[in-house]
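Novice: Coordinates in final.txt, compact mmCIF, C-alpha atoms, are listed below.
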```txt
# COMPACT_ATOMS: atom_id res chain seq x y z
CA GLY S 612 -26.66 -3.23 -48.83
CA HIS S 613 -25.97 -4.31 -45.21
CA LEU S 614 -23.42 -6.18 -43.08
CA THR S 615 -25.68 -8.97 -41.82
CA ILE S 616 -23.45 -11.92 -42.67
CA PRO S 617 -24.72 -15.53 -42.76
CA ASN S 618 -21.19 -16.96 -42.88
CA LYS S 619 -20.32 -17.80 -39.27
CA THR S 620 -16.54 -17.36 -39.57
CA LEU S 621 -16.85 -14.00 -41.29
CA ALA S 622 -19.49 -12.87 -38.80
CA GLN S 623 -17.15 -13.74 -35.93
CA TRP S 624 -14.34 -11.80 -37.60
CA LEU S 625 -16.59 -8.74 -37.93
CA THR S 626 -17.65 -9.02 -34.28
CA TYR S 627 -14.00 -9.09 -33.32
CA GLN S 628 -13.39 -5.86 -35.27
CA ARG S 629 -16.28 -4.19 -33.47
CA LEU S 630 -15.03 -5.27 -30.06
CA HIS S 631 -11.47 -4.14 -30.81
CA ALA S 632 -12.25 -1.11 -32.94
CA LYS S 633 -10.08 1.16 -30.82
CA THR S 634 -6.98 -0.90 -31.64
CA LEU S 635 -7.43 -0.72 -35.41
CA THR S 636 -5.21 1.49 -37.54
CA ALA S 637 -6.56 4.53 -39.35
CA ARG S 638 -6.26 2.63 -42.66
CA GLN S 639 -8.24 -0.34 -41.29
CA LEU S 640 -10.97 1.96 -40.02
CA GLU S 641 -11.06 3.70 -43.39
CA LEU S 642 -11.53 0.38 -45.19
CA LEU S 643 -14.33 -0.63 -42.83
CA ASP S 644 -15.94 2.78 -43.22
CA SER S 645 -15.95 2.30 -47.00
CA LEU S 646 -18.16 -0.76 -46.37
CA ASN S 647 -20.57 1.38 -44.32
CA TYR S 648 -19.24 -0.26 -41.16
CA LYS S 649 -21.37 1.53 -38.57
CA ASP S 650 -18.79 1.46 -35.74
CA ALA S 651 -15.91 2.96 -37.73
CA THR S 652 -16.84 6.59 -37.07
CA ILE S 653 -17.61 5.86 -33.41
CA ALA S 654 -14.28 4.13 -33.01
CA SER S 655 -12.48 7.11 -34.53
CA GLY S 656 -14.16 9.39 -32.00
CA VAL S 657 -13.23 7.11 -29.12
CA ARG S 658 -9.67 6.93 -30.38
CA GLU S 659 -9.44 10.73 -30.53
CA ARG S 660 -10.80 11.07 -27.01
CA ASP S 661 -8.32 8.49 -25.73
CA GLU S 662 -5.43 10.30 -27.39
CA LYS S 663 -6.43 13.57 -25.74
CA ALA S 664 -6.65 11.84 -22.33
CA TRP S 665 -3.20 10.31 -22.91
CA GLU S 666 -1.70 13.69 -23.75
CA MET S 667 -3.32 15.22 -20.67
CA ARG S 668 -1.67 12.64 -18.40
CA CYS S 669 1.64 13.18 -20.13
CA ASP S 670 1.32 16.95 -19.63
CA GLU S 671 0.59 16.43 -15.91
CA ILE S 672 3.73 14.35 -15.48
CA GLU S 673 5.80 16.87 -17.41
CA LYS S 674 4.54 19.65 -15.14
CA PHE S 675 5.33 17.56 -12.03
CA ILE S 676 8.89 16.91 -13.24
CA LEU S 677 9.44 20.62 -13.90
CA GLU S 678 8.29 21.45 -10.37
CA HIS S 679 10.01 18.61 -8.47
CA GLY S 680 12.88 17.54 -10.70
CA ASN S 681 11.92 13.84 -10.80
CA THR S 682 9.01 11.37 -10.67
CA ARG S 683 9.75 9.78 -7.28
CA ASN S 684 6.73 11.23 -5.49
CA LEU S 685 4.20 11.16 -8.31
CA PRO S 686 0.54 11.05 -7.19
CA GLY S 687 -0.79 7.49 -7.20
CA TYR S 688 -2.96 7.82 -10.31
CA LEU S 689 -0.08 9.25 -12.36
CA ARG S 690 2.36 6.62 -11.08
CA SER S 691 -0.05 3.86 -12.10
CA TRP S 692 -0.53 5.42 -15.54
CA LEU S 693 3.21 5.73 -16.09
CA THR S 694 3.75 2.12 -15.02
CA ARG S 695 1.23 1.02 -17.66
CA GLN S 696 3.13 2.94 -20.35
CA LYS S 697 6.41 1.28 -19.34
CA ARG S 698 4.73 -2.13 -19.36
CA LYS S 699 3.37 -1.48 -22.86
CA PHE S 700 6.87 -0.46 -23.96
CA GLN S 701 8.28 -3.76 -22.65
CA GLU S 702 5.51 -5.62 -24.49
CA ASN S 703 6.19 -3.68 -27.72
CA SER S 704 2.66 -2.30 -27.73
CA LEU S 705 3.50 1.39 -27.19
CA ASN S 706 3.66 3.23 -30.49
CA ARG S 707 6.72 5.22 -31.56
CA ARG S 708 5.08 8.62 -31.16
CA LYS S 709 4.19 7.96 -27.53
CA GLN S 710 7.63 6.57 -26.82
CA GLU S 711 9.25 9.73 -28.14
CA ARG S 712 6.80 11.94 -26.24
CA LEU S 713 7.61 10.26 -22.93
CA LYS S 714 11.35 10.34 -23.61
CA SER S 715 11.11 14.06 -24.39
CA ILE S 716 9.98 14.79 -20.82
CA GLY S 717 12.71 12.67 -19.27
CA ILE S 718 10.97 9.32 -18.81
CA LYS S 719 13.22 6.27 -19.03
CA LEU S 720 10.98 3.54 -20.39
CA SER S 721 13.51 0.74 -19.97
CA ASP S 722 13.57 0.90 -16.15
CA PHE S 723 10.26 -0.91 -15.75
CA GLU S 724 10.35 -3.67 -13.14
CA ARG S 725 7.56 -6.18 -13.28
CA ARG S 726 5.86 -6.39 -9.90
CA THR S 727 5.14 -9.84 -8.53
CA THR S 728 2.38 -10.86 -6.15
CA GLY S 729 5.03 -10.98 -3.42
CA ASP S 730 6.07 -7.39 -4.16
CA ALA S 731 2.48 -6.20 -3.93
CA ARG S 732 2.02 -8.04 -0.63
CA LYS S 733 5.19 -6.49 0.82
CA GLU S 734 4.06 -3.03 -0.21
CA ARG S 735 0.63 -3.58 1.33
CA ASP S 736 2.11 -4.95 4.56
CA GLY S 737 4.55 -2.04 4.74
CA ALA S 738 1.75 0.49 4.41
CA GLU S 739 -0.23 -1.28 7.16
CA TRP S 740 2.84 -1.34 9.43
CA ASN S 741 3.42 2.40 8.98
CA LYS S 742 -0.24 3.03 9.72
CA ASN S 743 0.06 1.19 13.04
CA LEU S 744 3.29 3.03 13.86
CA GLU S 745 1.46 6.36 13.52
CA LYS S 746 -1.32 5.06 15.78
CA LEU S 747 1.30 4.01 18.33
CA LYS S 748 2.81 7.51 18.27
CA ARG S 749 -0.60 9.00 19.03
CA TYR S 750 -1.03 6.50 21.87
CA ARG S 751 2.28 7.61 23.38
CA GLU S 752 1.25 11.27 23.16
CA LEU S 753 -1.87 10.48 25.19
CA HIS S 754 -0.46 7.94 27.68
CA GLY S 755 3.22 8.83 27.94
CA ASN S 756 4.45 5.38 26.89
CA CYS S 757 4.09 2.73 24.18
CA ASN S 758 2.83 -0.07 26.43
CA VAL S 759 -0.46 -0.68 24.67
CA PRO S 760 -2.53 -3.31 26.53
CA TYR S 761 -3.05 -6.46 24.52
CA ARG S 762 -6.81 -6.02 24.91
CA PHE S 763 -6.88 -2.28 24.30
CA ALA S 764 -10.58 -1.41 24.31
CA HIS S 765 -10.29 1.64 22.03
CA ASP S 766 -8.30 -0.22 19.36
CA PRO S 767 -7.83 -3.99 19.89
CA SER S 768 -5.84 -4.32 16.67
CA LEU S 769 -3.16 -1.90 17.96
CA GLY S 770 -2.62 -3.96 21.12
CA SER S 771 -2.30 -7.12 19.06
CA TRP S 772 0.10 -5.41 16.64
CA ALA S 773 2.35 -4.16 19.47
CA SER S 774 2.47 -7.66 20.94
CA ASN S 775 3.37 -9.09 17.53
CA GLN S 776 6.30 -6.65 17.23
CA ARG S 777 7.73 -7.95 20.54
CA THR S 778 7.36 -11.54 19.36
CA ARG S 779 9.00 -10.66 16.05
CA TYR S 780 11.85 -8.89 17.86
CA LYS S 781 12.44 -11.91 20.10
CA ARG S 782 12.71 -14.21 17.08
CA VAL S 783 15.19 -11.88 15.38
CA MET S 784 17.35 -11.66 18.51
CA GLU S 785 17.41 -15.44 18.96
CA ARG S 786 19.41 -15.82 15.78
CA GLU S 787 21.97 -13.80 13.87
CA PRO S 788 19.96 -10.88 12.46
CA THR S 789 19.93 -11.17 8.67
CA GLU S 790 16.80 -9.24 7.82
CA ASP S 791 16.40 -5.50 7.55
CA VAL S 792 16.02 -4.19 11.12
CA ILE S 793 15.05 -0.62 10.30
CA TRP S 794 11.66 -1.34 11.88
CA ILE S 795 13.40 -2.03 15.19
CA LYS S 796 15.14 1.35 15.13
CA GLN S 797 11.87 3.07 14.22
CA LEU S 798 10.12 1.60 17.24
CA GLU S 799 13.01 2.26 19.60
CA SER S 800 13.16 5.89 18.45
CA ILE S 801 9.73 6.51 19.99
CA GLY S 802 10.49 4.68 23.24
CA PHE S 803 9.00 1.28 22.46
CA GLU S 804 9.95 -1.28 25.14
CA TRP S 805 10.63 -4.83 24.03
CA ASP S 806 9.84 -6.21 27.48
CA CYS S 807 7.11 -4.18 29.15
CA LYS S 808 6.51 -6.70 31.95
CA PRO S 809 7.13 -5.33 35.50
CA LYS S 810 10.70 -5.92 36.72
CA GLN S 811 11.29 -8.37 39.60
CA SER S 812 12.29 -5.52 41.94
CA THR S 813 8.98 -3.81 41.20
CA LEU S 814 7.06 -7.04 41.80
CA ARG S 815 8.88 -7.59 45.11
CA ALA S 816 8.08 -4.03 46.19
CA ARG S 817 4.40 -4.53 45.34
CA SER S 818 4.31 -7.85 47.19
CA SER S 819 5.99 -6.31 50.29
CA LYS S 820 3.53 -3.42 50.24
CA LYS S 821 0.61 -5.83 50.00
CA ARG S 822 1.91 -7.89 52.96
CA LYS S 823 2.35 -4.70 54.99
CA VAL S 824 -1.24 -3.63 54.24
CA ASN S 825 -2.56 -7.08 55.22
CA ALA S 826 -0.62 -6.96 58.52
CA GLU S 827 -2.06 -3.55 59.29
CA ASP S 828 -5.58 -4.86 58.60
CA ILE S 829 -4.99 -7.70 61.08
CA VAL S 830 -3.87 -5.27 63.80
CA VAL S 831 -6.85 -2.97 63.18
CA ASN S 832 -9.32 -5.86 63.25
CA ASP S 833 -7.72 -7.23 66.46
CA ASN S 834 -8.03 -3.83 68.16
CA LYS S 835 -11.69 -3.60 67.11
CA LYS S 836 -12.42 -6.96 68.68
CA ARG S 837 -10.74 -5.99 71.94
CA SER S 838 -12.67 -2.70 72.14
CA GLY S 839 -15.94 -4.41 71.24
CA CYS S 840 -16.34 -2.43 68.01
CA CYS S 841 -18.02 -3.97 65.03
CA SER S 842 -18.68 -2.83 61.54
```
Could you quickly redo this structure as C-alpha cells?

Specialist:
Amino acid sequence: GHLTIPNKTLAQWLTYQRLHAKTLTARQLELLDSLNYKDATIASGVRERDEKAWEMRCDEIEKFILEHGNTRNLPGYLRSWLTRQKRKFQENSLNRRKQERLKSIGIKLSDFERRTTGDARKERDGAEWNKNLEKLKRYRELHGNCNVPYRFAHDPSLGSWASNQRTRYKRVMEREPTEDVIWIKQLESIGFEWDCKPKQSTLRARSSKKRKVNAEDIVVNDNKKRSGCCS
C-alpha cells in the first residue's frame, strides 16, 4: 500500500522519476499516478505552470515583432529565452508544438549559432569599451579635450584606458592594419589625440619663457642689493 521500496535499483529509478517529473510524458505521469505516486499531480501542476510561462514569453516576442518588424533589439531577457529555444531545437529537445508556435511568429530556429567562451569574452570587452567611450565623451564636455591624465583622480580607470588606446593604436600603426579599426574612427570622431604630449615648439617656448623669467629675477635681486633693500 506504499512506495517504500527495499530494492536499491528500483528505489534509485523512482528517485530519478521524482527529480525529473517535469520531463515525463502525460502517459508516464498517468501510470505513476495509478500507483499512487505522490509527485505525479504536483508534477502536472508544475508542467502546466511552465507551459503558461512559455506561452507568455512567446506572446511577448510576437508583440515585439509586430511593433518593430524583427527581433534584432529584443530585451535581454527575451533574447536569452529565445536563444534557449533555438539551442533546444538544435539538440532535438524542443517538441513539435513549440517549434510550430515559434515558426508561426516568424522565428527561424535553424539560425542558432553556438556561442563560445571567446565570443562571450569579446562581447563583454566590447560592452566595457563602449562604456569607457561614453565616459570619455563626458570628460570632453567638461574639459574641452580628450587628454585624460593617466592618474585622473576622479576616475583612475578612465586615464588608464585612454593610455591603453594610444598604446594599442601605436601597435596597429607599426604593422599593416589587419584588424577592424572602427574603434580608431570612433575615437577620432570625438577629437581623441593619439599623441597628447606637448610639441617641441611648445616645449621650446616654455623653456624660453622660463629663462626670461629667471633673468628678470636676477636683475630684480641685483637692483635690491644695490639699493640696500632686503626681503

Novice: In Å, with one decimal, what is the gap from atom CA of S:Glu673 to atom CA of S:Arg712?

Specialist: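 Separation between atom CA of S:Glu673 and atom CA of S:Arg712: 10.2 Å.
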
Novice: For atom CA of S:Arg638 and atom CA of S:Leu720, quote the distance in Å rounded to one decimal.

Specialist: 28.2 Å

Novice: Separation of atom CA of S:Ile672 and atom CA of S:Leu685, in Å?

Specialist: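 Distance reported for this atom pair: 7.9 Å.
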
Novice: Report the closest atom pair, with its distance in Å rounded to one decimal, for each residue of stretch 743-768 of chain S that has an atom no farther than 8 Å from stretch 791-810 of chain S; count all atoms listed in the file, sort by chain and then rising residue number, and write it as a Markdown table.

Specialist:
```
| residue | atom | partner | partner_atom | distance |
| --- | --- | --- | --- | --- |
| S:Leu744 | CA | S:Leu798 | CA | 7.8 |
| S:Lys748 | CA | S:Ile801 | CA | 7.2 |
| S:Asn756 | CA | S:Gly802 | CA | 7.1 |
| S:Cys757 | CA | S:Phe803 | CA | 5.4 |
| S:Asn758 | CA | S:Cys807 | CA | 6.5 |
```

Novice: Kindly save the residues from that selection, with C-alpha atoms included, as a PDB file, in the frame of the given file.

Specialist:
```pdb
ATOM      1  CA  LEU S 744       3.290   3.030  13.860  1.00  0.00           C
ATOM      2  CA  LYS S 748       2.810   7.510  18.270  1.00  0.00           C
ATOM      3  CA  ASN S 756       4.450   5.380  26.890  1.00  0.00           C
ATOM      4  CA  CYS S 757       4.090   2.730  24.180  1.00  0.00           C
ATOM      5  CA  ASN S 758       2.830  -0.070  26.430  1.00  0.00           C
TER       6      ASN S 758
END
```

Novice: Please check which residues have atoms at most 10 Å from (-1.5, -1.2, 26.8) in the file's coordinates, counting all atoms listed in the file, and write them as a count of residues only.

Specialist: 18

Novice: Need the shell around S:Glu671: protein/DNA/RNA residues with any atom at most 12 Å away, counting all atoms listed in the file. Skip same-chain ones fewer than 2 positions apart. Format as a PDB file with C-alpha atoms, keeping the file's coordinate frame?

Specialist:
```pdb
ATOM      1  CA  ALA S 664      -6.650  11.840 -22.330  1.00  0.00           C
ATOM      2  CA  TRP S 665      -3.200  10.310 -22.910  1.00  0.00           C
ATOM      3  CA  GLU S 666      -1.700  13.690 -23.750  1.00  0.00           C
ATOM      4  CA  MET S 667      -3.320  15.220 -20.670  1.00  0.00           C
ATOM      5  CA  ARG S 668      -1.670  12.640 -18.400  1.00  0.00           C
ATOM      6  CA  CYS S 669       1.640  13.180 -20.130  1.00  0.00           C
ATOM      7  CA  GLU S 673       5.800  16.870 -17.410  1.00  0.00           C
ATOM      8  CA  LYS S 674       4.540  19.650 -15.140  1.00  0.00           C
ATOM      9  CA  PHE S 675       5.330  17.560 -12.030  1.00  0.00           C
ATOM     10  CA  ILE S 676       8.890  16.910 -13.240  1.00  0.00           C
ATOM     11  CA  LEU S 677       9.440  20.620 -13.900  1.00  0.00           C
ATOM     12  CA  GLU S 678       8.290  21.450 -10.370  1.00  0.00           C
ATOM     13  CA  THR S 682       9.010  11.370 -10.670  1.00  0.00           C
ATOM     14  CA  LEU S 685       4.200  11.160  -8.310  1.00  0.00           C
ATOM     15  CA  PRO S 686       0.540  11.050  -7.190  1.00  0.00           C
ATOM     16  CA  TYR S 688      -2.960   7.820 -10.310  1.00  0.00           C
ATOM     17  CA  LEU S 689      -0.080   9.250 -12.360  1.00  0.00           C
ATOM     18  CA  ARG S 690       2.360   6.620 -11.080  1.00  0.00           C
ATOM     19  CA  TRP S 692      -0.530   5.420 -15.540  1.00  0.00           C
ATOM     20  CA  LEU S 693       3.210   5.730 -16.090  1.00  0.00           C
ATOM     21  CA  LEU S 713       7.610  10.260 -22.930  1.00  0.00           C
ATOM     22  CA  ILE S 716       9.980  14.790 -20.820  1.00  0.00           C
TER      23      ILE S 716
END
```

Novice: Would you kindly return, as a list in words, each protein, DNA or RNA residue with an atom no farther than 8 Å from any atom of S:Ser721, considering all atoms listed in the file and excluding same-chain residues fewer than 2 positions away?

Specialist: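 What passes the distance filter is Lys697, Phe700, Gln701, Lys719 and Phe723 of chain S.
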
Novice: Ranking S:Asp644, S:Asp661, S:Asn681, S:Ser768 by minimum distance to S:Lys742 and counting all atoms listed in the file, which one comes first?

Specialist: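 Looking only at the distances to S:Lys742, the closest residue turns out to be S:Ser768.
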